[in-house]
Amino acid sequence: MNNFEELSPIANASLTEGSDETFTGLYYGGIDTPTTRHLANRIARIEKGRFTVLAPSGQSAIHLLLTTTTKPGDHLLVCDTITYTTRWLLDQHFQALGVDVEYFEPQDAPVLSSRLRPNTKVVFWESPGAFTFELVDGKAVVRACEDHPAITVMDNTWAASTFHHPLEVGVDVALISITKTHAATGGVSLGAIVTNDRDLFERTKSIAALLGSHVGADACASALQSMSTLAARLSCQMATTSLAIGVFIGMTGVKRVFHPTLPNGNSDLFVRDYVGFNSLVSVEFAWPLDETIQLLDRLKVIKIGYGWGGTISLVNHFDPCGWPSAKRVGLSGSCARFYFGLEDVHDIERDLRGAFGS
Ligand SMILES: *Cc1c(COP(=O)(O)O)cnc(C)c1O
């Protein structure tokens, strides 16, 4: 700026003002820069919403939203299919603060209105759910909450702002971990809260500023670059995933394959709500866990690791015993989750056949 008249005043309103315009009302680099705002607007556009608040990670986006919308004594309704890190945040942090977190099962969605209380502030779900990909009928949740002030929040990370757009079916907030499909190829950590509700956006943006929950311009620039290849990556990964599912289904030693496109899930909801799929596939093996681990160790192209979203295919075994979702679908403890990246599809097929011997 060249003169003091251009400088926005230090006031709470200036923390949020003008954020749907890349260059107007800029105030302080921690809160927004043209680059961070550019990413926020891009995320809003592909998520089909109006406003985005960025956060340093998906986890911090969930924390920021719940910190903005709930206080001790309030009640949250959460679907039990959420990923375990979200459950840790709810159980170890929010419950400890005195927020009453109540879990519901995916099939409760149509009758959820009976679970709403006067102090219910947020109804939160993730769909398809972690590891077993159980689907939650988001339209039914929205209908159940129609006459109640609680906000509806969907963790839409799985759909990569591409395969499903919850705001279009009336969900109040789409929450995403940009760390996964959007920007893992850039190696950055970011999250986003996307909404059409200006008041909720402004409250969340102000709390983010007060807490110093800032995002760096370099991370946002990297995310923008990664997102320029999002559609190309996803279509390549869909082809690999279809092939890998076919390989698994024909393999001896494979008990069940889990992917939302397969009929062991609630595939009619999937067909209704989704136009594509990501490359996470869970497999239940017939062998005991230690044998499964030995076979997984033989994979060469597919590496061992926790995360997902980048170029490299990853696998990890998981023990679902004790998870509500695993109990519902009757999973045993000999399971692995595969993430298919961008390697040559024939290399991946050879790797799977080589490791599992068929
Ligand atoms: C990874 C993940 C998160 C947490 O995101 P981070 O950016 O890793 O903090 C939240 N929800 C889902 C569905 C995820 O896969």
# chains A, B, ... in the order shown; residues from 1 in each chain; ligands from 1
>>> select_by_dssp(residues="range 115-326 of chain A", states="helix (DSSP H, G or I)", output="number ranges by chain")
A: 115, 138-144, 157-159, 166-169, 184-186, 198-211, 217-227, 230-249, 267-273, 289-296, 324-326
>>> select_by_dssp(residues="range 263-315 of chain A", states="strand (DSSP E or B)", output="ChimeraX atom specification")
/A:280-285,303-304,314-315
>>> residues_around(residues="Leu295 in chain A", least_positions_apart="6", cutoff="10 Å", atoms="only C-alpha atoms", output="JSON, numbers by chain")
{"A": [287, 289, 352, 354, 355, 356, 357]}
>>> closest_atom_pairs(of="chain A", to="ligand 1", cutoff="7 Å", atoms="only C-alpha atoms and all ligand atoms", output="tab-separated table")
residue	atom	partner	partner_atom_place_in_ligand_line	distance
A:Ser57	CA	ligand 1	7 (O)	3.9
A:Gly58	CA	ligand 1	5 (O)	3.4
A:Gln59	CA	ligand 1	9 (O)	3.7
A:Ser60	CA	ligand 1	9 (O)	6.4
A:Thr83	CA	ligand 1	13 (C)	5.9
A:Thr85	CA	ligand 1	4 (C)	6.8
A:Thr86	CA	ligand 1	10 (C)	6.4
A:Glu126	CA	ligand 1	13 (C)	6.5
A:Ala130	CA	ligand 1	13 (C)	6.8
A:Asp155	CA	ligand 1	13 (C)	5.9
A:Asn156	CA	ligand 1	13 (C)	6.8
A:Thr157	CA	ligand 1	13 (C)	4.9
A:Trp158	CA	ligand 1	13 (C)	6.0
A:Ile176	CA	ligand 1	11 (N)	6.6
A:Ser177	CA	ligand 1	7 (O)	4.4
A:Ile178	CA	ligand 1	7 (O)	6.1
A:Thr179	CA	ligand 1	7 (O)	4.5
A:Lys180	CA	ligand 1	1 (C)	6.3
A:Ser189	CA	ligand 1	7 (O)	5.6
A:Leu190	CA	ligand 1	7 (O)	5.6
A:Gly191	CA	ligand 1	7 (O)	5.6
>>> closest_atom_pairs(of="range 174-202 of chain A", to="range 338-348 of chain A", cutoff="12 Å", atoms="only C-alpha atoms", output="JSON lines")
{"residue": "A:Lys180", "atom": "CA", "partner": "A:Tyr339", "partner_atom": "CA", "distance": 11.2}
{"residue": "A:Thr181", "atom": "CA", "partner": "A:Gly341", "partner_atom": "CA", "distance": 10.0}
{"residue": "A:Ala184", "atom": "CA", "partner": "A:Gly341", "partner_atom": "CA", "distance": 10.8}
{"residue": "A:Thr185", "atom": "CA", "partner": "A:Gly341", "partner_atom": "CA", "distance": 10.1}
>>> closest_residue(among="A:Ile193, A:Val271, A:Val281, A:Ala217", to="Val247 in chain A", atoms="only C-alpha atoms")
A:Val281
>>> residues_around(residues="Tyr274 in chain A", least_positions_apart="4", cutoff="9 Å", atoms="only C-alpha atoms", output="JSON, numbers by chain")
{"A": [159, 162, 163, 164, 165, 269, 270]}
>>> write_last_selection(atoms="N, CA, C and O atoms", output="JSON list (two decimals), in the first residue's frame")
[["chain", "number", "residue", "atom", "x", "y", "z"],
["A", 159, "ALA", "N", -14.98, -37.68, -1.48],
["A", 159, "ALA", "CA", -15.46, -37.34, -2.82],
["A", 159, "ALA", "C", -14.58, -36.31, -3.54],
["A", 159, "ALA", "O", -14.81, -36.02, -4.72],
["A", 162, "THR", "N", -15.49, -33.63, -6.11],
["A", 162, "THR", "CA", -15.67, -34.02, -7.50],
["A", 162, "THR", "C", -16.86, -34.96, -7.68],
["A", 162, "THR", "O", -17.67, -34.79, -8.59],
["A", 163, "PHE", "N", -16.98, -35.94, -6.79],
["A", 163, "PHE", "CA", -17.97, -37.02, -7.01],
["A", 163, "PHE", "C", -19.31, -36.74, -6.33],
["A", 163, "PHE", "O", -20.29, -37.41, -6.63],
["A", 164, "HIS", "N", -19.32, -35.81, -5.40],
["A", 164, "HIS", "CA", -20.57, -35.51, -4.68],
["A", 164, "HIS", "C", -20.44, -34.10, -4.09],
["A", 164, "HIS", "O", -19.36, -33.73, -3.64],
["A", 165, "HIS", "N", -21.54, -33.36, -4.11],
["A", 165, "HIS", "CA", -21.51, -31.97, -3.63],
["A", 165, "HIS", "C", -22.61, -31.78, -2.61],
["A", 165, "HIS", "O", -23.76, -31.47, -2.96],
["A", 269, "LEU", "N", -27.81, -45.97, -2.64],
["A", 269, "LEU", "CA", -27.51, -44.60, -2.23],
["A", 269, "LEU", "C", -26.30, -44.07, -2.99],
["A", 269, "LEU", "O", -26.25, -42.90, -3.37],
["A", 270, "PHE", "N", -25.33, -44.95, -3.22],
["A", 270, "PHE", "CA", -24.14, -44.53, -3.96],
["A", 270, "PHE", "C", -24.51, -44.10, -5.37],
["A", 270, "PHE", "O", -24.11, -43.04, -5.84]]
>>> residues_around(residues="range 99-114 of chain A", least_positions_apart="6", cutoff="8 Å", atoms="only C-alpha atoms", output="list in words")
Thr70, Lys71, Pro72, Gly73, Asp74, His75, Leu76, Leu77, Val78, Cys79, Asp80, Thr81, Leu90, Asp91, Glu134, Leu135, Val136, Asp137, Gly138, Ala140, Val141, Arg143, Ala144 and Cys145 of chain A
>>> residues_around(residues="Ala208 in chain A", least_positions_apart="6", cutoff="8 Å", atoms="only C-alpha atoms", output="PyMOL selection string")
chain A and resi 55+64+214
>>> write_last_selection(atoms="all heavy atoms", output="tab-separated table (two decimals), in the first residue's frame")
chain	number	residue	atom	x	y	z
A	55	ALA	N	-8.08	-24.00	6.73
A	55	ALA	CA	-7.47	-24.32	8.03
A	55	ALA	C	-6.18	-25.10	7.76
A	55	ALA	O	-5.99	-25.62	6.67
A	55	ALA	CB	-8.45	-25.14	8.86
A	64	LEU	N	-12.03	-26.21	14.27
A	64	LEU	CA	-12.43	-24.81	14.12
A	64	LEU	C	-13.95	-24.68	14.00
A	64	LEU	O	-14.57	-23.83	14.67
A	64	LEU	CB	-11.74	-24.23	12.88
A	64	LEU	CG	-12.08	-22.81	12.49
A	64	LEU	CD1	-11.71	-21.84	13.61
A	64	LEU	CD2	-11.35	-22.42	11.20
A	214	HIS	N	-4.02	-19.95	10.99
A	214	HIS	CA	-3.71	-19.38	9.67
A	214	HIS	C	-3.18	-20.44	8.72
A	214	HIS	O	-2.66	-21.48	9.14
A	214	HIS	CB	-2.64	-18.30	9.81
A	214	HIS	CG	-3.02	-17.17	10.69
A	214	HIS	ND1	-2.10	-16.34	11.27
A	214	HIS	CD2	-4.23	-16.75	11.10
A	214	HIS	CE1	-2.73	-15.44	12.00
A	214	HIS	NE2	-4.01	-15.66	11.92
>>> closest_residue(among="A:Leu54, A:Val315, A:Leu116, A:Ile304", to="Gly212 in chain A", atoms="only C-alpha atoms")
A:Leu54
>>> residues_around(residues="Leu39 in chain A", least_positions_apart="2", cutoff="9 Å", atoms="only C-alpha atoms", output="PyMOL selection string")
chain A and resi 34-37+41-44+52+54+220-221+223-224
>>> write_last_selection(atoms="N, CA and C atoms", output="short mmCIF file (atom, residue, chain, number, x, y, z; two decimals), in the first residue's frame")
data_model
loop_
_atom_site.label_atom_id
_atom_site.label_comp_id
_atom_site.auth_asym_id
_atom_site.auth_seq_id
_atom_site.Cartn_x
_atom_site.Cartn_y
_atom_site.Cartn_z
N PRO A 34 -3.65 -12.68 -1.29
CA PRO A 34 -4.32 -13.00 -2.56
C PRO A 34 -4.25 -14.50 -2.86
N THR A 35 -3.15 -15.16 -2.50
CA THR A 35 -3.01 -16.59 -2.80
C THR A 35 -3.93 -17.45 -1.95
N THR A 36 -3.99 -17.17 -0.64
CA THR A 36 -4.87 -17.97 0.22
C THR A 36 -6.33 -17.77 -0.19
N ARG A 37 -6.64 -16.54 -0.55
CA ARG A 37 -8.02 -16.25 -0.95
C ARG A 37 -8.35 -16.91 -2.29
N ASN A 41 -11.38 -19.44 -2.74
CA ASN A 41 -12.44 -19.27 -3.75
C ASN A 41 -12.50 -20.45 -4.70
N ARG A 42 -11.35 -21.00 -5.02
CA ARG A 42 -11.32 -22.17 -5.91
C ARG A 42 -12.00 -23.37 -5.24
N ILE A 43 -11.71 -23.56 -3.95
CA ILE A 43 -12.34 -24.68 -3.21
C ILE A 43 -13.86 -24.46 -3.15
N ALA A 44 -14.27 -23.21 -2.88
CA ALA A 44 -15.71 -22.93 -2.82
C ALA A 44 -16.35 -23.29 -4.16
N THR A 52 -15.47 -20.19 1.75
CA THR A 52 -14.56 -21.19 2.31
C THR A 52 -13.70 -20.56 3.39
N LEU A 54 -10.26 -21.63 5.15
CA LEU A 54 -9.18 -22.61 5.10
C LEU A 54 -8.63 -22.82 6.51
N CYS A 220 -0.82 -22.91 0.03
CA CYS A 220 -2.00 -22.69 -0.83
C CYS A 220 -1.60 -22.69 -2.31
N ALA A 221 -0.45 -22.11 -2.61
CA ALA A 221 0.02 -22.10 -4.01
C ALA A 221 0.27 -23.54 -4.47
N ALA A 223 -1.17 -26.22 -3.26
CA ALA A 223 -2.47 -26.89 -3.39
C ALA A 223 -3.13 -26.51 -4.72
N LEU A 224 -3.03 -25.24 -5.10
CA LEU A 224 -3.63 -24.82 -6.37
C LEU A 224 -2.99 -25.56 -7.54
#
>>> atom_distance(atom1="CA of Gly49 in chain A", atom2="CA of Thr195 in chain A")
5.6 Å
>>> atom_distance(atom1="CA of Leu211 in chain A", atom2="CA of Phe94 in chain A")
16.6 Å
